[in-house]
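**Student:** Quick one, my_file_4.cif (mmCIF, C-alpha atoms and all ligand atoms):
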```
data_model
#
loop_
_atom_site.label_atom_id
_atom_site.label_comp_id
_atom_site.auth_asym_id
_atom_site.auth_seq_id
_atom_site.Cartn_x
_atom_site.Cartn_y
_atom_site.Cartn_z
CA MET A 1364 0.00 0.00 0.00
CA THR A 1365 1.37 3.40 -0.84
CA GLU A 1366 1.17 6.29 1.56
CA LYS A 1367 -1.15 9.13 0.61
CA ASN A 1368 -0.31 12.76 1.01
CA ASN A 1369 -0.86 14.02 4.54
CA GLY A 1370 -2.30 17.38 3.69
CA ASN A 1371 -5.04 17.00 6.25
CA LEU A 1372 -2.65 16.83 9.18
CA GLU A 1373 -2.36 20.56 9.86
CA GLY A 1374 1.02 20.67 8.15
CA ARG A 1375 2.70 18.79 10.97
CA GLU A 1376 6.40 19.21 10.59
CA THR A 1377 6.94 15.55 11.37
CA MET A 1378 5.32 14.67 8.07
CA THR A 1379 8.04 16.33 6.04
CA ILE A 1380 11.03 14.70 7.70
CA PRO A 1381 12.66 12.20 5.32
CA VAL A 1382 12.00 8.64 6.37
CA VAL A 1383 15.57 7.47 6.21
CA ASP A 1384 18.97 8.68 5.17
CA ARG A 1385 18.92 10.20 1.70
CA ARG A 1386 20.82 7.22 0.40
CA TYR A 1387 17.98 4.95 1.41
CA GLN A 1388 14.87 7.03 1.04
CA MET A 1389 11.87 4.85 0.76
CA THR A 1390 11.61 5.70 -2.91
CA GLU A 1391 14.58 3.38 -2.89
CA THR A 1392 12.52 0.60 -1.43
CA LYS A 1393 14.50 -1.91 -3.43
CA LYS A 1394 17.74 -0.88 -1.75
CA ALA A 1395 16.19 -1.01 1.72
CA LYS A 1396 14.69 -4.39 0.91
CA GLU A 1397 18.10 -5.73 -0.07
CA ILE A 1398 19.58 -4.49 3.21
CA ILE A 1399 16.81 -6.16 5.20
CA GLU A 1400 17.13 -9.40 3.24
CA ARG A 1401 20.85 -9.54 4.01
CA ALA A 1402 20.12 -8.81 7.66
CA MET A 1403 17.53 -11.59 7.78
CA ASN A 1404 20.07 -14.12 6.57
CA LEU A 1405 22.47 -13.08 9.32
CA ALA A 1406 19.67 -13.07 11.90
CA ARG A 1407 18.57 -16.61 11.00
CA GLU A 1408 21.99 -17.83 12.17
CA GLU A 1409 21.01 -16.81 15.72
CA ILE A 1410 17.92 -19.02 15.84
CA PRO A 1411 19.69 -22.20 17.10
CA LYS A 1412 21.01 -20.20 20.09
CA GLY A 1413 17.46 -19.47 21.27
CA ALA A 1414 14.34 -21.44 22.16
CA VAL A 1415 10.57 -20.95 22.01
CA ALA A 1416 8.81 -20.21 25.32
CA THR A 1417 7.41 -23.35 26.93
CA TYR A 1418 6.24 -22.01 30.30
CA ILE A 1419 2.99 -21.32 28.47
CA PRO A 1420 2.70 -24.83 26.98
CA GLU A 1421 0.75 -23.73 23.90
CA LEU A 1422 3.59 -21.38 22.86
CA GLY A 1423 5.96 -24.35 22.82
CA LYS A 1424 4.22 -25.60 19.67
CA GLU A 1425 5.53 -22.72 17.55
CA ASP A 1426 8.16 -23.49 14.91
CA PRO A 1427 11.32 -21.73 16.14
CA HIS A 1428 12.71 -21.26 12.63
CA GLN A 1429 10.22 -18.62 11.59
CA LEU A 1430 11.32 -15.04 11.03
CA GLY A 1431 9.39 -12.17 9.52
CA ILE A 1432 9.49 -8.41 9.38
CA CYS A 1433 7.29 -5.58 8.21
CA LEU A 1434 8.82 -2.11 8.00
CA TYR A 1435 6.31 0.60 7.30
CA PRO A 1436 7.79 4.06 6.70
CA LEU A 1437 5.72 7.20 7.26
CA LYS A 1438 6.43 7.96 3.64
CA GLY A 1439 6.95 5.29 1.07
CA ASP A 1440 6.11 1.65 0.58
CA LYS A 1441 5.79 -0.97 3.25
CA ILE A 1442 8.44 -3.70 3.13
CA CYS A 1443 7.25 -7.17 4.16
CA LEU A 1444 9.56 -10.17 4.27
CA GLY A 1445 9.55 -13.75 5.56
CA ASP A 1446 6.81 -14.77 7.99
CA TYR A 1447 5.40 -11.26 8.27
CA ASP A 1448 1.79 -12.45 8.02
CA HIS A 1449 1.99 -15.38 10.44
CA ARG A 1450 -0.36 -14.96 13.41
CA PHE A 1451 1.14 -15.22 16.89
CA THR A 1452 0.07 -13.97 20.30
CA MET A 1453 0.93 -10.45 21.24
CA GLN A 1454 1.98 -11.35 24.81
CA SER A 1455 3.88 -8.48 26.44
CA VAL A 1456 3.63 -6.27 23.36
CA SER A 1457 0.02 -5.79 24.52
CA LYS A 1458 1.40 -3.89 27.54
CA VAL A 1459 1.93 -1.02 25.10
CA VAL A 1460 -1.76 -1.03 24.16
CA MET A 1461 -2.82 -1.28 27.82
CA LEU A 1462 -0.58 1.65 28.70
CA ILE A 1463 -1.85 3.79 25.83
CA VAL A 1464 -5.48 3.20 26.79
CA ALA A 1465 -4.80 3.69 30.51
CA LEU A 1466 -3.04 7.02 29.88
CA GLU A 1467 -5.89 8.14 27.64
CA VAL A 1468 -8.77 6.92 29.79
CA CYS A 1469 -7.45 7.16 33.36
CA GLY A 1470 -4.91 9.97 32.98
CA LEU A 1471 -1.19 10.21 33.62
CA LYS A 1472 -1.42 10.95 37.35
CA ASN A 1473 -3.61 7.96 38.09
CA VAL A 1474 -1.40 5.62 36.08
CA PHE A 1475 1.86 6.73 37.67
CA ARG A 1476 0.32 6.66 41.12
CA LYS A 1477 0.14 2.88 40.65
CA VAL A 1478 3.37 2.20 38.71
CA GLY A 1479 6.77 3.82 38.38
CA MET A 1480 8.66 4.84 35.24
CA GLU A 1481 12.01 3.25 35.99
CA PRO A 1482 13.70 0.25 34.35
CA SER A 1483 13.62 -2.72 36.71
CA GLY A 1484 16.81 -4.56 35.76
CA GLU A 1485 14.83 -7.68 36.68
CA ALA A 1486 13.08 -10.42 34.70
CA PHE A 1487 9.68 -9.60 33.21
CA ASP A 1488 7.81 -11.68 35.80
CA SER A 1489 9.82 -10.51 38.80
CA LEU A 1490 8.09 -9.74 42.07
CA VAL A 1491 11.12 -8.69 44.13
CA GLU A 1492 10.20 -5.02 44.31
CA LEU A 1493 6.74 -5.89 45.57
CA ASP A 1494 8.17 -7.32 48.76
CA VAL A 1495 9.17 -3.88 49.98
CA SER A 1496 6.23 -2.38 51.84
CA ASP A 1497 5.99 1.09 50.26
CA SER A 1498 7.01 0.08 46.76
CA LYS A 1499 5.05 -0.15 43.52
CA PRO A 1500 5.93 -1.93 40.26
CA TYR A 1501 8.92 -0.35 38.55
CA ASN A 1502 7.17 0.37 35.26
CA PRO A 1503 4.06 -0.53 33.22
CA LEU A 1504 5.97 -2.72 30.73
CA ILE A 1505 6.73 -5.58 33.11
CA ASN A 1506 4.11 -8.06 34.36
CA SER A 1507 3.57 -6.47 37.79
CA GLY A 1508 3.20 -3.01 36.26
CA ALA A 1509 0.86 -4.20 33.53
CA LEU A 1510 -1.29 -6.04 36.07
CA ALA A 1511 -1.52 -2.80 38.08
CA VAL A 1512 -2.54 -0.99 34.87
CA CYS A 1513 -5.20 -3.68 34.26
CA GLY A 1514 -6.59 -2.97 37.72
CA LEU A 1515 -7.10 0.63 36.59
CA LEU A 1516 -8.56 -0.32 33.21
CA LEU A 1517 -11.01 -2.97 34.36
CA PRO A 1518 -13.69 -0.64 35.75
CA GLU A 1519 -13.40 1.58 32.65
CA VAL A 1520 -13.24 -0.70 29.61
CA SER A 1521 -14.17 -4.26 28.63
CA PHE A 1522 -11.88 -6.72 26.88
CA GLN A 1523 -14.09 -6.29 23.78
CA ASP A 1524 -13.36 -2.52 23.87
CA MET A 1525 -9.63 -3.28 24.07
CA LEU A 1526 -9.86 -5.79 21.22
CA ARG A 1527 -11.66 -3.24 19.05
CA TYR A 1528 -9.07 -0.57 19.84
CA THR A 1529 -6.22 -2.99 19.10
CA ARG A 1530 -7.76 -3.95 15.76
CA ASN A 1531 -8.09 -0.29 14.85
CA ILE A 1532 -4.64 0.87 15.95
CA CYS A 1533 -3.07 -2.17 14.25
CA SER A 1534 -5.26 -1.63 11.13
CA ASP A 1535 -5.98 -5.34 11.37
CA PRO A 1536 -9.62 -6.44 11.70
CA GLY A 1537 -8.41 -10.07 11.80
CA ILE A 1538 -7.07 -9.83 15.37
CA GLU A 1539 -8.89 -12.35 17.61
CA LEU A 1540 -8.46 -13.82 21.05
CA ASN A 1541 -6.44 -17.03 20.72
CA GLU A 1542 -8.53 -19.21 23.04
CA SER A 1543 -6.03 -22.08 23.25
CA VAL A 1544 -3.13 -19.82 24.26
CA PHE A 1545 -5.42 -18.02 26.74
CA ASP A 1546 -6.55 -21.33 28.32
CA SER A 1547 -2.99 -22.63 28.35
CA GLU A 1548 -1.67 -19.53 30.16
CA MET A 1549 -4.57 -19.39 32.62
CA LYS A 1550 -3.66 -22.92 33.71
CA THR A 1551 -0.01 -22.08 34.29
CA CYS A 1552 -0.01 -18.48 35.50
CA SER A 1553 0.59 -19.04 39.20
CA ARG A 1554 3.43 -16.53 39.14
CA ASN A 1555 1.25 -13.77 37.67
CA ARG A 1556 -1.48 -14.79 40.12
CA SER A 1557 1.00 -14.33 43.02
CA ILE A 1558 1.98 -10.93 41.68
CA ALA A 1559 -1.67 -9.89 41.38
CA TYR A 1560 -2.48 -10.98 44.95
CA LEU A 1561 0.61 -9.17 46.23
CA LEU A 1562 -0.56 -6.05 44.39
CA GLN A 1563 -3.96 -6.43 46.01
CA SER A 1564 -2.37 -6.80 49.48
CA LYS A 1565 -0.60 -3.49 48.89
CA GLY A 1566 -3.79 -1.76 47.73
CA ILE A 1567 -2.40 -1.24 44.21
CA ILE A 1568 -5.12 -3.45 42.70
CA THR A 1569 -8.58 -2.85 44.09
CA THR A 1570 -10.43 -4.85 41.43
CA ASP A 1571 -11.18 -8.56 41.70
CA VAL A 1572 -7.83 -10.35 41.31
CA GLU A 1573 -9.09 -13.22 39.15
CA ASP A 1574 -10.97 -10.84 36.82
CA THR A 1575 -7.87 -8.65 36.54
CA LEU A 1576 -5.70 -11.66 35.76
CA ARG A 1577 -8.14 -12.89 33.09
CA PHE A 1578 -8.24 -9.42 31.49
CA TYR A 1579 -4.42 -9.24 31.45
CA THR A 1580 -4.06 -12.76 30.02
CA LYS A 1581 -6.66 -12.12 27.32
CA MET A 1582 -4.73 -9.02 26.25
CA CYS A 1583 -1.59 -11.18 25.98
CA SER A 1584 -3.47 -13.77 23.92
CA MET A 1585 -4.53 -11.55 21.02
CA ASN A 1586 -3.35 -12.91 17.68
CA VAL A 1587 -1.37 -10.36 15.68
CA THR A 1588 1.13 -10.39 12.81
CA ALA A 1589 4.41 -8.54 12.27
CA GLU A 1590 2.45 -6.41 9.82
CA SER A 1591 -0.15 -5.41 12.41
CA LEU A 1592 2.63 -4.44 14.83
CA ALA A 1593 4.23 -2.29 12.12
CA ASN A 1594 0.91 -0.48 11.68
CA LEU A 1595 0.76 0.20 15.43
CA GLY A 1596 4.40 1.31 15.43
CA LYS A 1597 3.76 3.65 12.55
CA LYS A 1598 1.06 5.46 14.51
CA LEU A 1599 3.38 5.83 17.49
CA ALA A 1600 6.13 7.08 15.17
CA ASN A 1601 3.69 9.70 13.91
CA ASP A 1602 2.82 11.01 17.40
CA GLY A 1603 -0.36 8.94 17.66
CA VAL A 1604 -1.88 9.87 14.30
CA CYS A 1605 -2.58 7.59 11.34
CA ALA A 1606 -0.51 9.05 8.51
CA ILE A 1607 -3.03 7.86 5.93
CA THR A 1608 -6.38 8.92 7.37
CA GLY A 1609 -5.27 11.63 9.81
CA LYS A 1610 -7.19 9.89 12.60
CA ARG A 1611 -5.73 10.43 16.06
CA PHE A 1612 -5.41 7.33 18.26
CA MET A 1613 -3.84 8.97 21.31
CA SER A 1614 -2.50 12.33 22.38
CA SER A 1615 1.04 13.15 21.35
CA ARG A 1616 1.92 13.25 25.06
CA THR A 1617 0.78 9.64 25.45
CA ALA A 1618 2.77 8.65 22.35
CA ARG A 1619 5.88 10.33 23.76
CA ILE A 1620 5.59 8.64 27.16
CA VAL A 1621 4.99 5.22 25.62
CA LYS A 1622 7.97 5.54 23.23
CA THR A 1623 10.24 6.69 26.05
CA LEU A 1624 9.25 3.76 28.25
CA MET A 1625 9.74 1.39 25.31
CA LEU A 1626 13.31 2.66 24.97
CA THR A 1627 14.16 2.43 28.68
CA CYS A 1628 12.08 -0.58 29.77
CA GLY A 1629 10.73 -2.39 26.69
CA MET A 1630 13.22 -5.25 26.67
CA TYR A 1631 13.17 -5.99 30.42
CA ASP A 1632 16.66 -6.59 31.84
CA GLY A 1633 18.02 -6.44 28.29
CA SER A 1634 16.80 -2.86 27.74
CA GLY A 1635 20.12 -1.05 28.23
CA THR A 1636 22.12 -3.38 26.01
CA PHE A 1637 19.44 -3.23 23.32
CA ALA A 1638 19.36 0.57 23.46
CA ILE A 1639 23.12 0.68 22.92
CA LYS A 1640 23.23 -1.92 20.19
CA VAL A 1641 20.03 -1.04 18.33
CA GLY A 1642 18.81 2.34 19.56
CA ILE A 1643 15.18 1.87 18.50
CA PRO A 1644 12.38 2.00 21.12
CA THR A 1645 11.06 -1.56 21.11
CA LYS A 1646 8.68 -3.76 23.07
CA SER A 1647 9.04 -7.51 23.05
CA GLY A 1648 6.71 -10.39 23.85
CA VAL A 1649 7.37 -14.07 24.59
CA GLY A 1650 5.26 -14.98 21.55
CA GLY A 1651 8.28 -13.78 19.54
CA GLY A 1652 6.93 -10.38 18.59
CA LEU A 1653 8.85 -7.12 18.57
CA LEU A 1654 7.18 -3.77 18.11
CA SER A 1655 9.65 -1.04 17.18
CA VAL A 1656 9.22 2.65 16.59
CA SER A 1657 11.72 4.68 14.67
CA ASP A 1658 10.40 8.09 15.60
CA LYS A 1659 9.09 10.22 12.70
CA ARG A 1660 10.38 7.56 10.31
CA ALA A 1661 8.78 4.14 10.50
CA GLY A 1662 6.89 1.50 12.43
CA ILE A 1663 8.43 -1.95 12.47
CA GLY A 1664 6.97 -5.31 13.44
CA VAL A 1665 9.12 -8.42 13.77
CA PHE A 1666 8.24 -12.03 14.48
CA GLY A 1667 10.78 -14.64 15.53
CA PRO A 1668 9.62 -17.07 18.23
CA ALA A 1669 13.05 -18.38 19.32
CA LEU A 1670 13.87 -16.31 22.41
CA ASP A 1671 17.04 -15.32 24.24
CA ALA A 1672 17.60 -15.60 27.99
CA GLN A 1673 15.62 -12.42 28.66
CA GLY A 1674 12.61 -13.65 26.69
CA ASN A 1675 13.26 -11.41 23.67
CA SER A 1676 13.25 -12.73 20.08
CA ILE A 1677 16.87 -13.72 19.47
CA ALA A 1678 16.83 -13.44 15.68
CA GLY A 1679 14.51 -10.43 15.82
CA CYS A 1680 16.98 -8.47 17.96
CA LYS A 1681 19.83 -9.36 15.62
CA LEU A 1682 17.75 -8.33 12.61
CA LEU A 1683 16.93 -4.93 14.13
CA ARG A 1684 20.54 -4.47 15.09
CA GLU A 1685 21.70 -5.15 11.56
CA ILE A 1686 19.31 -2.66 9.96
CA SER A 1687 19.21 0.06 12.62
CA ASN A 1688 22.15 2.14 11.50
CA GLU A 1689 22.14 1.24 7.82
CA LEU A 1690 18.55 2.40 7.43
CA ARG A 1691 19.13 5.28 9.83
CA LEU A 1692 16.49 4.03 12.23
CA ASN A 1693 18.76 4.32 15.29
CA LEU A 1694 17.79 7.24 17.54
CA PHE A 1695 21.47 8.08 17.78
CA TYR A 1696 22.38 7.49 14.18
CA ASP A 1697 26.09 7.76 13.64
CA PRO A 1698 27.39 7.82 10.06
CA GLU A 1699 30.82 6.80 11.34
CA TRP A 1700 29.54 3.83 13.28
CA ASP A 1701 31.43 0.64 12.58
CA LYS A 1702 29.33 -2.37 13.47
CA GLU A 1703 32.29 -4.73 13.43
CA GLN A 1704 34.06 -2.71 16.09
CA ASP A 1705 30.97 -2.89 18.22
CA ASP A 1706 30.67 -6.66 18.00
CA GLU A 1707 30.72 -8.64 21.20
CA GLN A 1708 33.84 -10.58 20.31
CA ASN A 1709 35.67 -7.29 20.01
CA GLU A 1710 34.44 -5.84 23.28
CA GLU A 1711 37.07 -7.64 25.29
CA THR A 1712 39.79 -6.43 22.96
CA VAL A 1713 38.59 -2.84 23.26
CA LEU A 1714 38.59 -3.19 27.04
CA ARG A 1715 42.12 -4.58 27.02
CA GLU A 1716 43.31 -1.79 24.74
CA MET A 1717 41.75 0.81 27.02
CA GLN A 1718 43.39 -0.75 30.05
CA ALA A 1719 46.71 -0.82 28.23
CA LYS A 1720 46.36 2.87 27.44
CA SER A 1721 45.50 3.44 31.12
CA VAL A 1722 42.16 4.91 30.22
CA MET A 1723 40.71 2.73 32.95
N1 LIG B 1 1.67 -13.52 29.07
C1 LIG B 1 3.06 -13.49 29.41
C2 LIG B 1 3.23 -13.53 30.91
O1 LIG B 1 2.55 -12.83 31.58
C3 LIG B 1 3.71 -12.26 28.85
C4 LIG B 1 5.18 -12.18 29.18
C5 LIG B 1 6.04 -11.67 28.06
O2 LIG B 1 5.64 -11.59 26.92
N2 LIG B 1 7.27 -11.35 28.40
O3 LIG B 1 4.02 -14.23 31.46
#
```
For the file at hand, write its structure as structure tokens.
**Tutor:**
Amino acid sequence: MTEKNNGNLEGRETMTIPVVDRRYQMTETKKAKEIIERAMNLAREEIPKGAVATYIPELGKEDPHQLGICLYPLKGDKICLGDYDHRFTMQSVSKVVMLIVALEVCGLKNVFRKVGMEPSGEAFDSLVELDVSDSKPYNPLINSGALAVCGLLLPEVSFQDMLRYTRNICSDPGIELNESVFDSEMKTCSRNRSIAYLLQSKGIITTDVEDTLRFYTKMCSMNVTAESLANLGKKLANDGVCAITGKRFMSSRTARIVKTLMLTCGMYDGSGTFAIKVGIPTKSGVGGGLLSVSDKRAGIGVFGPALDAQGNSIAGCKLLREISNELRLNLFYDPEWDKEQDDEQNEETVLREMQAKSVM
């Protein structure tokens, strides 16, 4: 689908910013496609190092070898490769949708009264911080924080409302609740149940715990594609507005907060490393999805169900890393950046050299 002119968007300056570096403007879709294809081949090599999630038994049935991407620039043609149209469950990527709706419906103050805005440095299902009496979840993009957000949402919206909103913001009417993944997770979610009861004991959740847990788990069990995530990312990249229709899905303040939290907290205890290596605000899910936002440039959706130790798509992260600088998607784009020098195997050498030069 080709982007239409955005004349109806009050001449927003964001609309006129080139999508990518002049060398790879999206009129040069072919060039960008070649770059992504090369990156996909490199990324596929990572797959054997990862594994599909099995703690939700139904997710264990996914073929780990799949990899797909959809990159949708604000201007120019969408690029779809590999398993971009395969349906998988949104899992933690839905925390972005929950946060958007909570900020819009309940307001910023109410949301951040219940959750913080700091990276946790802990696993996504951690409950350590909840053991301290006056604490609240670190941020809304980990399980405890999202459950607290669900407690706020439950009196305001139904799951059907959330499903409708998700279909609209993802421009994907095909999104449904995956009943088998939902049932599978509900049978094995004792950890989330513990978190929810702890939140109730602290007065952070005042809704019925089981209802809150079901709402949260349903949100995680919505079936999306890499393409639907790219559509969502594109709206975030464009400050909450659909670049085609001009329809606003959230305030620009909400979009800014969500993107910032995606950068600092979207990859759990891998967020800092990912920010350095990739530099694109991203939210992952254990279904293998990655939602990325290259601000004012493009929305990106990735699917790769083999996960790394943090529960992030192992090939998906590599793929984003490979394309981030070349397509000028990195927030801190550096034309001089030399990927080879930044590679892990070289890190030790750099450290040794610095020590030798007494820099450290
Ligand atoms: N539904 C999953 C859970 O709560 C989501 C976790 C994730 O995607 N990291 O455990």
**Student:** Pick out the residues sitting within 7 Å of Ser1647 (chain A), and hand them over as number ranges by chain; count all atoms listed in the file, and ignore anything fewer than 5 positions along from it in its own chain.
**Tutor:** A: 1455-1456, 1629-1630, 1652-1654, 1675
**Student:** Store the residues picked out above, limited to C-alpha atoms, as a tab-separated table (two decimals), in the coordinates of the input.
**Tutor:**
```
chain	number	residue	atom	x	y	z
A	1455	SER	CA	3.88	-8.48	26.44
A	1456	VAL	CA	3.63	-6.27	23.36
A	1629	GLY	CA	10.73	-2.39	26.69
A	1630	MET	CA	13.22	-5.25	26.67
A	1652	GLY	CA	6.93	-10.38	18.59
A	1653	LEU	CA	8.85	-7.12	18.57
A	1654	LEU	CA	7.18	-3.77	18.11
A	1675	ASN	CA	13.26	-11.41	23.67
```
**Student:** Would you compute the distance between CA of Ile1399 (chain A) and CA of Ala1606 (chain A)? Give it in Å to one decimal.
**Tutor:**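 Interatomic distance here is 23.3 Å.
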**Student:** What is the CA of Met1480 (chain A)-CA of Val1460 (chain A) distance in Å, reported with one decimal?
**Tutor:**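 Interatomic distance here is 16.3 Å.
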**Student:** At a cut-off of 8 Å, can you tabulate as JSON lines every residue of chain A near ligand LIG 1 (chain B) together with its closest atom pair and the distance in Å to one decimal, using only C-alpha atoms and all ligand atoms and ordering rows by chain then number?
**Tutor:**
```
{"residue": "A:Ile1419", "atom": "CA", "partner": "B:LIG1", "partner_atom": "O3", "distance": 7.8}
{"residue": "A:Met1453", "atom": "CA", "partner": "B:LIG1", "partner_atom": "O2", "distance": 7.5}
{"residue": "A:Gln1454", "atom": "CA", "partner": "B:LIG1", "partner_atom": "O2", "distance": 4.2}
{"residue": "A:Ser1455", "atom": "CA", "partner": "B:LIG1", "partner_atom": "O2", "distance": 3.6}
{"residue": "A:Val1456", "atom": "CA", "partner": "B:LIG1", "partner_atom": "O2", "distance": 6.7}
{"residue": "A:Phe1487", "atom": "CA", "partner": "B:LIG1", "partner_atom": "N2", "distance": 5.7}
{"residue": "A:Asp1488", "atom": "CA", "partner": "B:LIG1", "partner_atom": "O3", "distance": 6.3}
{"residue": "A:Ile1505", "atom": "CA", "partner": "B:LIG1", "partner_atom": "N2", "distance": 7.5}
{"residue": "A:Asn1506", "atom": "CA", "partner": "B:LIG1", "partner_atom": "O1", "distance": 5.7}
{"residue": "A:Glu1548", "atom": "CA", "partner": "B:LIG1", "partner_atom": "N1", "distance": 7.0}
{"residue": "A:Cys1552", "atom": "CA", "partner": "B:LIG1", "partner_atom": "O3", "distance": 7.1}
{"residue": "A:Asn1555", "atom": "CA", "partner": "B:LIG1", "partner_atom": "O1", "distance": 6.3}
{"residue": "A:Tyr1579", "atom": "CA", "partner": "B:LIG1", "partner_atom": "N1", "distance": 7.8}
{"residue": "A:Thr1580", "atom": "CA", "partner": "B:LIG1", "partner_atom": "N1", "distance": 5.9}
{"residue": "A:Cys1583", "atom": "CA", "partner": "B:LIG1", "partner_atom": "N1", "distance": 5.1}
{"residue": "A:Ser1584", "atom": "CA", "partner": "B:LIG1", "partner_atom": "N1", "distance": 7.3}
{"residue": "A:Ser1647", "atom": "CA", "partner": "B:LIG1", "partner_atom": "O2", "distance": 6.6}
{"residue": "A:Gly1648", "atom": "CA", "partner": "B:LIG1", "partner_atom": "O2", "distance": 3.5}
{"residue": "A:Val1649", "atom": "CA", "partner": "B:LIG1", "partner_atom": "O2", "distance": 3.8}
{"residue": "A:Gly1650", "atom": "CA", "partner": "B:LIG1", "partner_atom": "O2", "distance": 6.4}
{"residue": "A:Gly1674", "atom": "CA", "partner": "B:LIG1", "partner_atom": "N2", "distance": 6.1}
{"residue": "A:Asn1675", "atom": "CA", "partner": "B:LIG1", "partner_atom": "N2", "distance": 7.6}
```
**Student:** Using CA of Asp1524 (chain A) and CA of Met1582 (chain A) as the two end points, give the distance in Å to one decimal.
**Tutor:**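 Rounded to one decimal, the two atoms are 11.1 Å apart.
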**Student:** Measuring atom to atom with only C-alpha atoms, identify which of A:Arg1530, A:Thr1392, A:Glu1519, A:Ile1620 is nearest to Leu1471 (chain A).
**Tutor:**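 Selected residue with least distance to Leu1471 (chain A): A:Ile1620.
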**Student:** What's around Leu1526 (chain A) at 8 Å? Count all atoms listed in the file, leave out sequence neighbours fewer than 5 positions away in its own chain, and write the answer as a list in words.
**Tutor:**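 My list of contacting residues is Ile1538, Glu1539, Met1582 and Met1585 of chain A.
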**Student:** Pull C-alpha atoms from the residues just selected and write them as a PDB file, in the frame of the given file.
**Tutor:**
```pdb
ATOM      1  CA  ILE A1538      -7.070  -9.830  15.370  1.00  0.00           C
ATOM      2  CA  GLU A1539      -8.890 -12.350  17.610  1.00  0.00           C
ATOM      3  CA  MET A1582      -4.730  -9.020  26.250  1.00  0.00           C
ATOM      4  CA  MET A1585      -4.530 -11.550  21.020  1.00  0.00           C
TER       5      MET A1585
END
```
**Student:** Select, from A:Gly1664, A:Pro1436, A:Pro1644, A:Gly1651, the residue with the minimum atom-to-atom distance to Asn1693 (chain A), counting all atoms listed in the file.
**Tutor:**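 Closest residue, counting all atoms listed in the file: A:Pro1644.
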**Student:** Which residues are close to Lys1581 (chain A), i.e. within 8 Å by all atoms listed in the file, leaving aside same-chain residues fewer than 5 positions away? Reply as a list in words.
**Tutor:**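 Counting all atoms listed in the file, the residues come to Phe1522, Leu1540 and Phe1545 of chain A.
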**Student:** Find the residue from A:Arg1527, A:Ile1639, A:Tyr1631, A:Lys1393 that sits nearest to Lys1441 (chain A); use all atoms listed in the file when measuring.
**Tutor:**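 Closest to Lys1441 (chain A) of all the choices is A:Lys1393.
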**Student:** Taking into account all atoms listed in the file, which residue in the set A:Tyr1501, A:Phe1578, A:Phe1666, A:Tyr1560 is nearest to Pro1427 (chain A)?
**Tutor:**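 Under the stated criterion, the closest residue is A:Phe1666.
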**Student:** Neighbouring residues of Gly1596 (chain A) were defined as those with any atom within 8 Å, considering all atoms listed in the file; residues of the same chain fewer than 2 positions away were excluded. Please report them as a count of residues only.
**Tutor:** 13
**Student:** Which is closest to Thr1417 (chain A) among A:Thr1645, A:Ser1547, A:Ser1489, A:Lys1610, if we use all atoms listed in the file?
**Tutor:**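 Result for the nearest residue to Thr1417 (chain A): A:Ser1547.
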**Student:** Which polymer residues have any atom within 10 Å of an atom of Ser1615 (chain A), counting all atoms listed in the file, with same-chain residues fewer than 4 positions away left out, as an MDAnalysis selection string?
**Tutor:** chainID A and resid 1599 1601:1604 1611 1619:1621
**Student:** When distances are computed from all atoms listed in the file, which of A:Pro1503, A:Gly1514, A:Gly1470, A:Pro1420 shows the smallest separation from Ile1567 (chain A)?
**Tutor:** A:Gly1514
**Student:** Taking (-5.5, -3.0, 37.5) in the file's coordinates as the center, which residues reach within 12 Å of it, counting only C-alpha atoms, put as a PyMOL selection string?
**Tutor:** chain A and resi 1461-1462+1465+1469+1473-1474+1476-1478+1500+1503+1506-1520+1558-1560+1562-1563+1566-1579
**Student:** Take the residues just selected and output them with C-alpha atoms as a short mmCIF file (atom, residue, chain, number, x, y, z; two decimals), in the frame of the given file.
**Tutor:**
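The result, stored in selection11.cif:
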```cif
data_model
loop_
_atom_site.label_atom_id
_atom_site.label_comp_id
_atom_site.auth_asym_id
_atom_site.auth_seq_id
_atom_site.Cartn_x
_atom_site.Cartn_y
_atom_site.Cartn_z
CA MET A 1461 -2.82 -1.28 27.82
CA LEU A 1462 -0.58 1.65 28.70
CA ALA A 1465 -4.80 3.69 30.51
CA CYS A 1469 -7.45 7.16 33.36
CA ASN A 1473 -3.61 7.96 38.09
CA VAL A 1474 -1.40 5.62 36.08
CA ARG A 1476 0.32 6.66 41.12
CA LYS A 1477 0.14 2.88 40.65
CA VAL A 1478 3.37 2.20 38.71
CA PRO A 1500 5.93 -1.93 40.26
CA PRO A 1503 4.06 -0.53 33.22
CA ASN A 1506 4.11 -8.06 34.36
CA SER A 1507 3.57 -6.47 37.79
CA GLY A 1508 3.20 -3.01 36.26
CA ALA A 1509 0.86 -4.20 33.53
CA LEU A 1510 -1.29 -6.04 36.07
CA ALA A 1511 -1.52 -2.80 38.08
CA VAL A 1512 -2.54 -0.99 34.87
CA CYS A 1513 -5.20 -3.68 34.26
CA GLY A 1514 -6.59 -2.97 37.72
CA LEU A 1515 -7.10 0.63 36.59
CA LEU A 1516 -8.56 -0.32 33.21
CA LEU A 1517 -11.01 -2.97 34.36
CA PRO A 1518 -13.69 -0.64 35.75
CA GLU A 1519 -13.40 1.58 32.65
CA VAL A 1520 -13.24 -0.70 29.61
CA ILE A 1558 1.98 -10.93 41.68
CA ALA A 1559 -1.67 -9.89 41.38
CA TYR A 1560 -2.48 -10.98 44.95
CA LEU A 1562 -0.56 -6.05 44.39
CA GLN A 1563 -3.96 -6.43 46.01
CA GLY A 1566 -3.79 -1.76 47.73
CA ILE A 1567 -2.40 -1.24 44.21
CA ILE A 1568 -5.12 -3.45 42.70
CA THR A 1569 -8.58 -2.85 44.09
CA THR A 1570 -10.43 -4.85 41.43
CA ASP A 1571 -11.18 -8.56 41.70
CA VAL A 1572 -7.83 -10.35 41.31
CA GLU A 1573 -9.09 -13.22 39.15
CA ASP A 1574 -10.97 -10.84 36.82
CA THR A 1575 -7.87 -8.65 36.54
CA LEU A 1576 -5.70 -11.66 35.76
CA ARG A 1577 -8.14 -12.89 33.09
CA PHE A 1578 -8.24 -9.42 31.49
CA TYR A 1579 -4.42 -9.24 31.45
#
```
